[in-house]
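For reference, query-v4.tsv (TSV, C-alpha atoms and all ligand atoms):
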```tsv
chain	number	residue	atom	x	y	z
A	23	MET	CA	44.26	-37.57	-61.55
A	24	ALA	CA	43.06	-34.04	-61.05
A	25	ALA	CA	39.80	-33.51	-62.83
A	26	ARG	CA	40.30	-30.05	-64.20
A	27	ALA	CA	43.02	-28.19	-66.04
A	28	PHE	CA	42.03	-24.53	-65.75
A	29	SER	CA	43.63	-22.40	-63.06
A	30	THR	CA	40.89	-19.77	-62.75
A	31	VAL	CA	37.15	-19.82	-63.17
A	32	GLN	CA	35.42	-16.52	-62.45
A	33	LEU	CA	31.74	-15.63	-62.74
A	34	VAL	CA	32.60	-12.00	-63.27
A	35	ASN	CA	29.34	-10.31	-62.22
A	36	GLY	CA	27.99	-13.06	-60.00
A	37	SER	CA	24.51	-14.43	-60.51
A	38	THR	CA	22.75	-11.06	-60.48
A	39	GLY	CA	24.75	-9.04	-63.04
A	40	ASP	CA	25.38	-9.59	-66.75
A	41	PRO	CA	26.35	-13.24	-67.15
A	42	VAL	CA	30.09	-13.36	-67.95
A	43	LEU	CA	32.33	-16.36	-67.31
A	44	TYR	CA	36.14	-16.13	-67.47
A	45	LEU	CA	38.42	-19.17	-67.42
A	46	ASP	CA	42.18	-19.03	-67.49
A	47	TYR	CA	45.01	-21.53	-67.90
A	48	PRO	CA	48.65	-21.24	-66.86
A	49	GLY	CA	50.68	-19.28	-69.40
A	50	GLY	CA	49.83	-16.36	-71.66
A	51	ASP	CA	47.15	-15.61	-74.23
A	52	ASN	CA	45.03	-18.62	-73.37
A	53	ALA	CA	42.08	-17.40	-71.31
A	54	LEU	CA	38.52	-18.00	-72.49
A	55	LEU	CA	35.52	-15.75	-72.03
A	56	PHE	CA	31.90	-16.76	-72.26
A	57	ASP	CA	29.73	-13.77	-73.11
A	58	GLY	CA	30.66	-10.19	-73.77
A	59	GLY	CA	28.53	-8.26	-71.27
A	60	GLU	CA	29.78	-5.87	-68.59
A	61	ASN	CA	33.35	-6.92	-67.76
A	62	CYS	CA	34.81	-4.13	-65.60
A	63	GLY	CA	35.35	-6.85	-62.99
A	64	LEU	CA	38.15	-8.13	-65.23
A	65	THR	CA	41.42	-6.22	-65.50
A	66	ALA	CA	42.87	-5.17	-68.85
A	67	ALA	CA	45.59	-7.77	-68.18
A	68	GLN	CA	43.01	-10.52	-67.77
A	69	LEU	CA	41.23	-9.48	-70.97
A	70	GLY	CA	44.60	-9.13	-72.73
A	71	ASP	CA	45.24	-12.79	-71.89
A	72	LEU	CA	42.22	-13.90	-73.93
A	73	GLU	CA	42.59	-16.48	-76.64
A	74	ALA	CA	38.91	-16.65	-77.51
A	75	ALA	CA	35.58	-15.10	-76.54
A	76	PHE	CA	32.23	-16.80	-77.11
A	77	ILE	CA	29.27	-14.44	-77.32
A	78	THR	CA	25.82	-15.96	-76.90
A	79	HIS	CA	23.89	-13.13	-78.59
A	80	HIS	CA	23.81	-9.41	-79.18
A	81	HIS	CA	21.47	-8.16	-76.44
A	82	VAL	CA	23.27	-5.34	-74.66
A	83	ASP	CA	23.80	-7.31	-71.43
A	84	HIS	CA	25.82	-9.87	-73.42
A	85	PHE	CA	27.68	-7.58	-75.81
A	86	ILE	CA	28.44	-4.22	-74.17
A	87	GLY	CA	31.85	-5.38	-72.97
A	88	LEU	CA	33.20	-5.97	-76.49
A	89	ASP	CA	34.98	-2.61	-76.58
A	90	ARG	CA	37.06	-3.42	-73.49
A	91	ILE	CA	37.93	-6.81	-74.93
A	92	ILE	CA	39.20	-5.25	-78.17
A	93	ARG	CA	41.00	-2.40	-76.41
A	94	ALA	CA	42.83	-4.73	-74.01
A	95	ASN	CA	44.13	-6.76	-76.96
A	96	MET	CA	44.92	-3.90	-79.37
A	97	ASP	CA	48.68	-3.98	-78.82
A	98	ARG	CA	48.94	-7.76	-78.75
A	99	ASP	CA	50.62	-9.56	-81.60
A	100	LYS	CA	48.12	-12.38	-81.71
A	101	ILE	CA	44.88	-13.66	-83.12
A	102	LEU	CA	41.87	-13.10	-80.89
A	103	HIS	CA	39.07	-15.51	-81.74
A	104	LEU	CA	35.50	-14.28	-81.40
A	105	PHE	CA	32.44	-16.47	-81.79
A	106	GLY	CA	28.78	-15.52	-81.93
A	107	PRO	CA	25.50	-16.07	-83.75
A	108	VAL	CA	24.51	-14.75	-87.19
A	109	ASN	CA	25.51	-11.10	-87.83
A	110	THR	CA	28.39	-11.19	-85.35
A	111	ILE	CA	30.89	-10.27	-88.09
A	112	ARG	CA	28.95	-7.14	-89.10
A	113	LYS	CA	28.22	-6.09	-85.54
A	114	VAL	CA	31.81	-6.52	-84.34
A	115	TYR	CA	33.13	-4.74	-87.43
A	116	ASP	CA	30.74	-1.82	-86.87
A	117	ARG	CA	31.74	-1.57	-83.23
A	118	ILE	CA	35.48	-1.67	-83.95
A	119	THR	CA	35.22	0.88	-86.74
A	120	ALA	CA	33.07	3.20	-84.62
A	121	TYR	CA	36.40	4.35	-83.14
A	122	GLU	CA	39.30	6.18	-84.79
A	123	TYR	CA	42.78	4.69	-84.37
A	124	PRO	CA	46.30	6.13	-84.65
A	125	PHE	CA	47.32	2.76	-86.19
A	126	PHE	CA	50.62	2.67	-84.35
A	127	PRO	CA	52.86	-0.09	-85.72
A	128	PHE	CA	52.62	-1.95	-82.40
A	129	GLN	CA	48.84	-2.20	-82.69
A	130	LYS	CA	48.79	-5.62	-84.25
A	131	ILE	CA	45.56	-7.19	-83.13
A	132	VAL	CA	43.98	-9.66	-85.54
A	133	VAL	CA	40.39	-10.52	-84.71
A	134	LYS	CA	39.14	-13.72	-86.27
A	135	ILE	CA	35.36	-13.75	-86.09
A	136	THR	CA	33.24	-16.83	-86.58
A	137	GLU	CA	29.47	-16.64	-86.71
A	138	LEU	CA	27.55	-19.86	-86.30
A	139	LEU	CA	24.33	-20.55	-88.17
A	140	PRO	CA	22.36	-23.78	-88.45
A	141	GLY	CA	24.43	-25.99	-90.76
A	142	LYS	CA	27.12	-23.46	-91.56
A	143	MET	CA	29.68	-21.04	-90.22
A	144	ARG	CA	31.03	-17.78	-91.58
A	145	THR	CA	34.46	-16.44	-90.79
A	146	ALA	CA	36.18	-13.12	-91.37
A	147	THR	CA	39.45	-11.64	-90.18
A	148	LEU	CA	39.80	-8.03	-89.07
A	149	GLU	CA	43.38	-6.80	-89.10
A	150	CYS	CA	44.54	-3.66	-87.38
A	151	THR	CA	47.76	-3.39	-89.41
A	152	LYS	CA	45.60	-3.24	-92.54
A	153	LYS	CA	43.48	-0.50	-90.91
A	154	PHE	CA	40.42	-2.70	-90.60
A	155	PRO	CA	39.24	-2.93	-94.22
A	156	GLU	CA	35.74	-4.21	-95.03
A	157	PRO	CA	35.78	-7.90	-94.01
A	158	VAL	CA	35.88	-10.70	-96.55
A	159	VAL	CA	33.44	-13.34	-95.37
A	160	VAL	CA	34.07	-17.02	-96.04
A	161	GLU	CA	31.24	-19.48	-95.56
A	162	THR	CA	31.75	-23.18	-94.86
A	163	ALA	CA	29.54	-26.09	-93.79
A	164	TRP	CA	29.33	-26.66	-90.03
A	165	THR	CA	27.35	-29.42	-88.44
A	166	GLY	CA	28.63	-28.83	-84.93
A	167	PRO	CA	28.89	-29.13	-82.08
A	168	VAL	CA	32.63	-28.29	-81.94
A	169	CYS	CA	33.27	-24.71	-83.02
A	170	TYR	CA	36.77	-24.24	-81.59
A	171	GLU	CA	39.64	-26.52	-80.67
A	172	ASN	CA	43.21	-26.21	-79.43
A	173	ALA	CA	45.68	-28.67	-77.90
A	174	ASP	CA	44.00	-28.51	-74.49
A	175	LEU	CA	40.29	-28.23	-75.15
A	176	ARG	CA	37.29	-28.04	-77.43
A	177	VAL	CA	34.39	-25.62	-77.29
A	178	GLU	CA	30.98	-26.81	-78.42
A	179	ALA	CA	28.06	-24.61	-79.44
A	180	VAL	CA	24.37	-25.22	-80.03
A	181	HIS	CA	21.55	-22.91	-81.01
A	182	ALA	CA	19.33	-21.82	-78.14
A	183	ASP	CA	15.69	-20.63	-78.26
A	184	HIS	CA	15.76	-16.91	-77.47
A	185	THR	CA	14.00	-13.82	-78.89
A	186	VAL	CA	17.02	-13.26	-81.15
A	187	PRO	CA	19.60	-15.71	-82.59
A	188	CYS	CA	21.46	-17.08	-79.56
A	189	LEU	CA	24.01	-19.78	-78.76
A	190	SER	CA	24.82	-21.91	-75.74
A	191	PHE	CA	28.32	-23.24	-75.18
A	192	ALA	CA	30.29	-25.93	-73.41
A	193	LEU	CA	34.00	-26.18	-72.79
A	194	ALA	CA	35.38	-29.72	-72.91
A	195	GLU	CA	38.97	-30.09	-71.73
A	196	LYS	CA	40.96	-32.92	-73.25
A	197	SER	CA	42.31	-35.61	-70.97
A	198	GLY	CA	46.06	-35.87	-70.61
A	199	TYR	CA	48.93	-33.73	-69.37
A	200	HIS	CA	48.32	-30.08	-68.54
A	201	PRO	CA	50.69	-27.52	-67.00
A	202	ASP	CA	50.03	-27.35	-63.26
A	203	PRO	CA	49.79	-23.72	-62.08
A	204	SER	CA	50.73	-24.38	-58.46
A	205	LYS	CA	53.71	-26.56	-59.38
A	206	LEU	CA	54.89	-23.99	-61.92
A	207	ALA	CA	54.60	-21.23	-59.32
A	208	THR	CA	56.78	-23.05	-56.77
A	209	GLY	CA	59.19	-25.00	-59.02
A	210	ILE	CA	62.84	-24.03	-59.48
A	211	LEU	CA	62.47	-23.62	-63.25
A	212	LYS	CA	60.89	-20.41	-64.46
A	213	THR	CA	57.97	-20.77	-66.86
A	214	GLY	CA	59.14	-20.44	-70.45
A	215	ILE	CA	58.73	-21.89	-73.91
A	216	TRP	CA	60.06	-25.19	-72.52
A	217	VAL	CA	56.60	-25.72	-70.98
A	218	GLN	CA	55.03	-25.97	-74.42
A	219	GLU	CA	57.87	-28.15	-75.73
A	220	ALA	CA	57.67	-30.55	-72.77
A	221	LEU	CA	53.88	-30.60	-73.08
A	222	ARG	CA	54.11	-31.46	-76.76
A	223	LEU	CA	56.45	-34.39	-76.00
A	224	LEU	CA	54.30	-35.64	-73.12
A	225	ARG	CA	51.16	-35.58	-75.21
A	226	ALA	CA	52.93	-37.28	-78.09
A	227	GLY	CA	53.80	-40.12	-75.70
A	228	ALA	CA	57.58	-39.54	-76.02
A	229	ASP	CA	60.08	-41.64	-74.05
A	230	MET	CA	60.03	-40.35	-70.46
A	231	GLN	CA	63.83	-40.56	-70.34
A	232	THR	CA	64.11	-38.00	-73.15
A	233	LYS	CA	66.46	-35.26	-71.96
A	234	ILE	CA	65.61	-31.59	-72.33
A	235	GLU	CA	68.31	-28.97	-71.86
A	236	LEU	CA	67.19	-26.08	-69.71
A	237	ASN	CA	69.17	-23.31	-68.00
A	238	GLY	CA	72.38	-25.24	-68.68
A	239	GLY	CA	71.04	-28.41	-67.03
A	240	ASN	CA	69.55	-31.59	-68.42
A	241	PHE	CA	66.12	-32.68	-67.23
A	242	THR	CA	64.33	-35.85	-68.15
A	243	LEU	CA	60.80	-35.61	-69.38
A	244	GLU	CA	59.88	-37.78	-66.39
A	245	THR	CA	61.26	-35.19	-63.94
A	246	LEU	CA	59.54	-32.32	-65.70
A	247	ALA	CA	56.27	-34.27	-65.85
A	248	ALA	CA	56.36	-34.98	-62.13
A	249	ASN	CA	57.34	-31.49	-61.06
A	250	TYR	CA	55.47	-29.18	-63.41
A	251	PHE	CA	52.55	-31.03	-64.95
A	252	THR	CA	49.41	-32.82	-63.84
A	253	GLU	CA	47.57	-35.54	-65.68
A	254	SER	CA	43.95	-34.55	-65.82
A	255	GLN	CA	40.80	-36.16	-67.11
A	256	GLY	CA	39.67	-32.70	-68.15
A	257	ALA	CA	36.45	-31.03	-67.13
A	258	ARG	CA	33.31	-30.07	-68.98
A	259	VAL	CA	31.86	-26.67	-68.17
A	260	ALA	CA	28.52	-25.78	-69.74
A	261	TYR	CA	27.32	-22.22	-70.17
A	262	ILE	CA	23.64	-21.94	-71.02
A	263	THR	CA	21.76	-18.67	-70.86
A	264	ASP	CA	18.99	-16.68	-72.49
A	265	THR	CA	17.02	-19.61	-73.77
A	266	PHE	CA	13.52	-20.92	-73.38
A	267	PHE	CA	13.50	-24.53	-72.21
A	268	SER	CA	11.45	-25.56	-75.23
A	269	ASP	CA	11.04	-29.07	-76.60
A	270	ALA	CA	12.92	-27.94	-79.69
A	271	VAL	CA	16.19	-27.18	-77.89
A	272	GLN	CA	16.05	-29.42	-74.80
A	273	PRO	CA	17.84	-32.40	-76.42
A	274	GLU	CA	20.69	-30.21	-77.64
A	275	LEU	CA	21.04	-28.37	-74.32
A	276	LEU	CA	21.05	-31.70	-72.54
A	277	LYS	CA	23.89	-32.98	-74.73
A	278	LEU	CA	25.83	-29.79	-74.05
A	279	ALA	CA	25.46	-30.11	-70.27
A	280	LYS	CA	25.86	-33.92	-70.09
A	281	GLY	CA	28.19	-34.92	-67.28
A	282	ALA	CA	29.51	-31.39	-66.77
A	283	TRP	CA	31.63	-30.63	-63.74
A	284	ARG	CA	29.65	-27.42	-63.56
A	285	LEU	CA	26.63	-26.08	-65.42
A	286	TYR	CA	26.11	-22.32	-65.41
A	287	CYS	CA	22.45	-21.95	-66.25
A	288	ASP	CA	19.91	-19.24	-67.00
A	289	SER	CA	17.54	-18.78	-64.07
A	290	PHE	CA	16.06	-15.44	-65.01
A	291	TYR	CA	12.58	-16.13	-63.63
A	292	ALA	CA	10.88	-17.97	-60.79
A	293	ARG	CA	8.13	-20.54	-61.38
A	294	ALA	CA	5.40	-17.92	-60.90
A	295	GLN	CA	6.71	-16.03	-63.96
A	296	ALA	CA	6.60	-19.02	-66.32
A	297	LYS	CA	4.42	-16.96	-68.69
A	298	GLN	CA	7.04	-14.22	-68.91
A	299	ALA	CA	9.73	-16.89	-69.38
A	300	ALA	CA	7.83	-18.20	-72.41
A	301	GLN	CA	7.33	-14.69	-73.79
A	302	TYR	CA	10.86	-13.38	-73.27
A	303	LYS	CA	12.48	-16.78	-73.84
A	304	HIS	CA	14.31	-17.46	-70.63
A	305	MET	CA	14.40	-20.37	-68.22
A	306	ILE	CA	12.74	-20.54	-64.83
A	307	ALA	CA	14.77	-21.73	-61.84
A	308	PRO	CA	13.14	-25.20	-61.57
A	309	GLN	CA	13.99	-25.84	-65.23
A	310	ALA	CA	17.65	-25.08	-64.53
A	311	GLY	CA	17.39	-27.73	-61.80
A	312	GLU	CA	15.68	-30.13	-64.19
A	313	LEU	CA	18.37	-29.69	-66.84
A	314	ALA	CA	21.12	-30.23	-64.24
A	315	LYS	CA	19.38	-33.38	-63.02
A	316	LEU	CA	18.79	-34.82	-66.49
A	317	ALA	CA	22.37	-34.03	-67.55
A	318	LYS	CA	23.78	-35.51	-64.31
A	319	VAL	CA	26.07	-32.55	-63.75
A	320	GLU	CA	28.18	-32.29	-60.59
A	321	GLN	CA	27.24	-28.71	-59.75
A	322	LEU	CA	24.69	-26.20	-60.93
A	323	VAL	CA	25.35	-22.47	-60.70
A	324	LEU	CA	22.36	-20.24	-61.39
A	325	ILE	CA	22.99	-17.09	-63.40
A	326	HIS	CA	21.18	-14.07	-64.83
A	327	PHE	CA	18.67	-13.47	-62.00
A	328	ALA	CA	16.15	-10.78	-63.01
A	329	THR	CA	16.34	-7.64	-60.86
A	330	ARG	CA	12.65	-8.05	-59.93
A	331	TYR	CA	13.85	-10.67	-57.40
A	332	ALA	CA	16.36	-8.32	-55.70
A	333	GLY	CA	16.25	-9.01	-51.96
A	334	LYS	CA	14.62	-12.39	-52.49
A	335	TYR	CA	17.07	-14.19	-54.77
A	336	GLN	CA	17.10	-17.12	-52.33
A	337	MET	CA	13.67	-18.03	-53.68
A	338	LEU	CA	15.24	-18.84	-57.09
A	339	ILE	CA	17.92	-21.01	-55.47
A	340	ASP	CA	15.27	-22.82	-53.40
A	341	GLU	CA	13.12	-23.51	-56.47
A	342	ALA	CA	16.08	-25.05	-58.31
A	343	ALA	CA	17.28	-26.91	-55.19
A	344	ALA	CA	13.91	-28.64	-54.90
A	345	VAL	CA	14.77	-30.37	-58.18
A	346	PHE	CA	18.59	-30.52	-57.98
A	347	PRO	CA	20.20	-30.09	-54.54
A	348	LYS	CA	23.78	-29.30	-55.58
A	349	VAL	CA	22.92	-25.78	-56.66
A	350	SER	CA	24.44	-22.44	-55.76
A	351	ALA	CA	24.49	-18.81	-56.84
A	352	GLU	CA	26.85	-15.89	-56.34
A	353	ILE	CA	24.83	-13.05	-54.87
B	1	ZN	ZN	20.41	-11.65	-71.08
B	2	ZN	ZN	18.94	-11.95	-74.22
```

Translate the structure of the given file into structure tokens.
Amino acid sequence: MAARAFSTVQLVNGSTGDPVLYLDYPGGDNALLFDGGENCGLTAAQLGDLEAAFITHHHVDHFIGLDRIIRANMDRDKILHLFGPVNTIRKVYDRITAYEYPFFPFQKIVVKITELLPGKMRTATLECTKKFPEPVVVETAWTGPVCYENADLRVEAVHADHTVPCLSFALAEKSGYHPDPSKLATGILKTGIWVQEALRLLRAGADMQTKIELNGGNFTLETLAANYFTESQGARVAYITDTFFSDAVQPELLKLAKGAWRLYCDSFYARAQAKQAAQYKHMIAPQAGELAKLAKVEQLVLIHFATRYAGKYQMLIDEAAAVFPKVSAEI
């Protein structure tokens, strides 16, 4: 059983730029984005494929890319889900309405924003066809950790300990059948709505001899399963950044990272700058290693290196590796 279902995982600006993580799945409108910083490394097509974006907080290095996200999805007839901490609804609304629009009929984007607060969530929907009226905010109880779920996966969120309200996230894929990108690329049947229909039947545990009519031919569910799908246990990917490794949040961060295939973790400072880490609420590289070790993750990828270490980033990797050997960075 393959362990993971996603077809693409891309740390858009590496370990030294704004932390941005893009994951995609076979098919359209189902990519996920963690953080909304600089994202020129992603094409408009990649951003237009987004189903949901999860923003940790509103510091500029995590939020400046929002405009490109919205623009790339403007003409899409879909709901784009956006998640963030308190005040995300107001801040996204202000950013969207900072621009003028021709409101062409084909500009159909619907942005569903959810802001997560301790114990509750607030949602609002911004609709282009209604010319983005003032949002109506609905508040409901939320005890976490799951903030988003679809047929393939769940996304969990916890509150981090940063200088401003900030979230950390984890993606947890569900085990079961998933479309296999390489099989779909080489198979004789072109990808179409049948993929979703076959997937629905497979996940419902339908009889494998069930026949599906496609392109004038009849295919059993068994044949389609073997040739176009993979059974996967599903992977956990944790994305933790801009947080102090304080006693208050350690247990929650640990739960988020527990058993992850890969943990992307804040490593803004080296050990020698522990004082700055406490003041500006970031992690030091050895703490990223410690978290990875405690959570028994498979791999640790360090992110968000401060520019003060330019030319000597290896030091940060070495400090983390002393605690957790399976560590890497994209420099
Ligand atoms: Zn940051
Ligand atoms: Zn920050």

For Phe154 of chain A, find every residue with an atom within 12 Å (counting all atoms listed in the file), except residues of its own chain fewer than 2 positions away, and show them as a list in words. Val114, Tyr115, Asp116, Arg117, Ile118, Thr119, Ala120, Tyr121, Glu122, Tyr123, Phe125, Gln129, Lys130, Ile131, Val132, Val133, Lys134, Ala146, Thr147, Leu148, Glu149, Cys150, Thr151, Lys152, Glu156, Pro157 and Val158 of chain A

Counting all atoms listed in the file, which residues of segment 66-107 of chain A sit at most 10 Å from some atom of segment 180-187 of chain A, and what is each one's closest atom pair with its distance in Å to one decimal, listed by chain and rising residue number, as JSON lines?
```
{"residue": "A:Thr78", "atom": "CA", "partner": "A:Pro187", "partner_atom": "CA", "distance": 8.4}
{"residue": "A:His79", "atom": "CA", "partner": "A:Pro187", "partner_atom": "CA", "distance": 6.4}
{"residue": "A:His80", "atom": "CA", "partner": "A:Val186", "partner_atom": "CA", "distance": 8.1}
{"residue": "A:His81", "atom": "CA", "partner": "A:Val186", "partner_atom": "CA", "distance": 8.2}
{"residue": "A:Gly106", "atom": "CA", "partner": "A:Pro187", "partner_atom": "CA", "distance": 9.2}
{"residue": "A:Pro107", "atom": "CA", "partner": "A:Pro187", "partner_atom": "CA", "distance": 6.0}
```

If you count all atoms listed in the file, which residues fall within 9 Å of segment 271-288 of chain A, apart from same-chain ones fewer than 3 positions away, as number ranges by chain? A: 25-26, 41, 43, 167, 178-183, 190-192, 194, 257-268, 291, 304-307, 310-311, 313-314, 316-327

Could those residues be written to a file, using C-alpha atoms, as a PDB file, in the coordinates of the input?
```
ATOM      1  CA  ALA A  25      39.800 -33.510 -62.830  1.00  0.00           C
ATOM      2  CA  ARG A  26      40.300 -30.050 -64.200  1.00  0.00           C
ATOM      3  CA  PRO A  41      26.350 -13.240 -67.150  1.00  0.00           C
ATOM      4  CA  LEU A  43      32.330 -16.360 -67.310  1.00  0.00           C
ATOM      5  CA  PRO A 167      28.890 -29.130 -82.080  1.00  0.00           C
ATOM      6  CA  GLU A 178      30.980 -26.810 -78.420  1.00  0.00           C
ATOM      7  CA  ALA A 179      28.060 -24.610 -79.440  1.00  0.00           C
ATOM      8  CA  VAL A 180      24.370 -25.220 -80.030  1.00  0.00           C
ATOM      9  CA  HIS A 181      21.550 -22.910 -81.010  1.00  0.00           C
ATOM     10  CA  ALA A 182      19.330 -21.820 -78.140  1.00  0.00           C
ATOM     11  CA  ASP A 183      15.690 -20.630 -78.260  1.00  0.00           C
ATOM     12  CA  SER A 190      24.820 -21.910 -75.740  1.00  0.00           C
ATOM     13  CA  PHE A 191      28.320 -23.240 -75.180  1.00  0.00           C
ATOM     14  CA  ALA A 192      30.290 -25.930 -73.410  1.00  0.00           C
ATOM     15  CA  ALA A 194      35.380 -29.720 -72.910  1.00  0.00           C
ATOM     16  CA  ALA A 257      36.450 -31.030 -67.130  1.00  0.00           C
ATOM     17  CA  ARG A 258      33.310 -30.070 -68.980  1.00  0.00           C
ATOM     18  CA  VAL A 259      31.860 -26.670 -68.170  1.00  0.00           C
ATOM     19  CA  ALA A 260      28.520 -25.780 -69.740  1.00  0.00           C
ATOM     20  CA  TYR A 261      27.320 -22.220 -70.170  1.00  0.00           C
ATOM     21  CA  ILE A 262      23.640 -21.940 -71.020  1.00  0.00           C
ATOM     22  CA  THR A 263      21.760 -18.670 -70.860  1.00  0.00           C
ATOM     23  CA  ASP A 264      18.990 -16.680 -72.490  1.00  0.00           C
ATOM     24  CA  THR A 265      17.020 -19.610 -73.770  1.00  0.00           C
ATOM     25  CA  PHE A 266      13.520 -20.920 -73.380  1.00  0.00           C
ATOM     26  CA  PHE A 267      13.500 -24.530 -72.210  1.00  0.00           C
ATOM     27  CA  SER A 268      11.450 -25.560 -75.230  1.00  0.00           C
ATOM     28  CA  TYR A 291      12.580 -16.130 -63.630  1.00  0.00           C
ATOM     29  CA  HIS A 304      14.310 -17.460 -70.630  1.00  0.00           C
ATOM     30  CA  MET A 305      14.400 -20.370 -68.220  1.00  0.00           C
ATOM     31  CA  ILE A 306      12.740 -20.540 -64.830  1.00  0.00           C
ATOM     32  CA  ALA A 307      14.770 -21.730 -61.840  1.00  0.00           C
ATOM     33  CA  ALA A 310      17.650 -25.080 -64.530  1.00  0.00           C
ATOM     34  CA  GLY A 311      17.390 -27.730 -61.800  1.00  0.00           C
ATOM     35  CA  LEU A 313      18.370 -29.690 -66.840  1.00  0.00           C
ATOM     36  CA  ALA A 314      21.120 -30.230 -64.240  1.00  0.00           C
ATOM     37  CA  LEU A 316      18.790 -34.820 -66.490  1.00  0.00           C
ATOM     38  CA  ALA A 317      22.370 -34.030 -67.550  1.00  0.00           C
ATOM     39  CA  LYS A 318      23.780 -35.510 -64.310  1.00  0.00           C
ATOM     40  CA  VAL A 319      26.070 -32.550 -63.750  1.00  0.00           C
ATOM     41  CA  GLU A 320      28.180 -32.290 -60.590  1.00  0.00           C
ATOM     42  CA  GLN A 321      27.240 -28.710 -59.750  1.00  0.00           C
ATOM     43  CA  LEU A 322      24.690 -26.200 -60.930  1.00  0.00           C
ATOM     44  CA  VAL A 323      25.350 -22.470 -60.700  1.00  0.00           C
ATOM     45  CA  LEU A 324      22.360 -20.240 -61.390  1.00  0.00           C
ATOM     46  CA  ILE A 325      22.990 -17.090 -63.400  1.00  0.00           C
ATOM     47  CA  HIS A 326      21.180 -14.070 -64.830  1.00  0.00           C
ATOM     48  CA  PHE A 327      18.670 -13.470 -62.000  1.00  0.00           C
TER      49      PHE A 327
END
```

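Computed from the coordinates, the atom CA of Thr165 of chain A to atom CA of Glu137 of chain A distance equals 13.1 Å.
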
Pick from A:Gly63, A:Leu189, A:Arg144, A:Phe28, whichever lies nearest to ligand ZN 1 (chain B) using only C-alpha atoms and all ligand atoms: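 Of all the options, A:Leu189 lies closest to ligand ZN 1 (chain B).
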
Which residue of A:Pro347, A:Gly166, A:Gly214, A:Gly59 approaches Gly87 of chain A most closely, using only C-alpha atoms: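 Using only C-alpha atoms, Gly87 of chain A sits closest to A:Gly59.
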
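Proximity of A:Ser350, A:Thr145, A:Gln301, A:Thr213 to ligand ZN 2 (chain B), computed with only C-alpha atoms and all ligand atoms, is greatest for A:Gln301.
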
With distances taken over all atoms listed in the file, which residue among A:Val82, A:Leu224, A:Val108, A:Leu236 lies nearest Ala248 of chain A?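 Among the listed residues, A:Leu224 lies closest to Ala248 of chain A.
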
Hey, can you pull every residue with an atom no more than 6 Å from (34.3, -17.6, -72.0), using only C-alpha atoms, and send it as a list in words? Leu43, Tyr44, Leu54, Leu55, Phe56, Ala75 and Phe76 of chain A

So, counting only C-alpha atoms, which residue among A:Asp97, A:Asp83, A:Glu195, A:Asp229 is closest to Leu45 of chain A? A:Glu195

Restore N, CA and C atoms in segment 313-324 of chain A and list the result as a JSON list (two decimals), in the coordinates of the input.
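Output file rebuild04.json is given in full below:
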```json
[["chain", "number", "residue", "atom", "x", "y", "z"],
["A", 313, "LEU", "N", 17.30, -29.46, -65.86],
["A", 313, "LEU", "CA", 18.37, -29.69, -66.84],
["A", 313, "LEU", "C", 19.60, -30.29, -66.15],
["A", 314, "ALA", "N", 19.95, -29.73, -64.99],
["A", 314, "ALA", "CA", 21.12, -30.23, -64.24],
["A", 314, "ALA", "C", 20.92, -31.69, -63.85],
["A", 315, "LYS", "N", 19.69, -32.01, -63.45],
["A", 315, "LYS", "CA", 19.38, -33.38, -63.02],
["A", 315, "LYS", "C", 19.45, -34.35, -64.20],
["A", 316, "LEU", "N", 18.80, -33.97, -65.30],
["A", 316, "LEU", "CA", 18.79, -34.82, -66.49],
["A", 316, "LEU", "C", 20.20, -35.03, -67.04],
["A", 317, "ALA", "N", 21.01, -33.97, -66.99],
["A", 317, "ALA", "CA", 22.37, -34.03, -67.55],
["A", 317, "ALA", "C", 23.37, -34.63, -66.57],
["A", 318, "LYS", "N", 22.91, -34.92, -65.35],
["A", 318, "LYS", "CA", 23.78, -35.51, -64.31],
["A", 318, "LYS", "C", 25.05, -34.69, -64.11],
["A", 319, "VAL", "N", 24.90, -33.40, -63.97],
["A", 319, "VAL", "CA", 26.07, -32.55, -63.75],
["A", 319, "VAL", "C", 26.49, -32.67, -62.28],
["A", 320, "GLU", "N", 27.73, -32.26, -61.99],
["A", 320, "GLU", "CA", 28.18, -32.29, -60.59],
["A", 320, "GLU", "C", 27.62, -31.10, -59.82],
["A", 321, "GLN", "N", 27.69, -29.93, -60.43],
["A", 321, "GLN", "CA", 27.24, -28.71, -59.75],
["A", 321, "GLN", "C", 26.44, -27.85, -60.71],
["A", 322, "LEU", "N", 25.46, -27.17, -60.16],
["A", 322, "LEU", "CA", 24.69, -26.20, -60.93],
["A", 322, "LEU", "C", 24.89, -24.82, -60.32],
["A", 323, "VAL", "N", 25.25, -23.86, -61.16],
["A", 323, "VAL", "CA", 25.35, -22.47, -60.70],
["A", 323, "VAL", "C", 24.32, -21.66, -61.47],
["A", 324, "LEU", "N", 23.42, -21.03, -60.75],
["A", 324, "LEU", "CA", 22.36, -20.24, -61.39],
["A", 324, "LEU", "C", 22.90, -18.87, -61.76]]
```
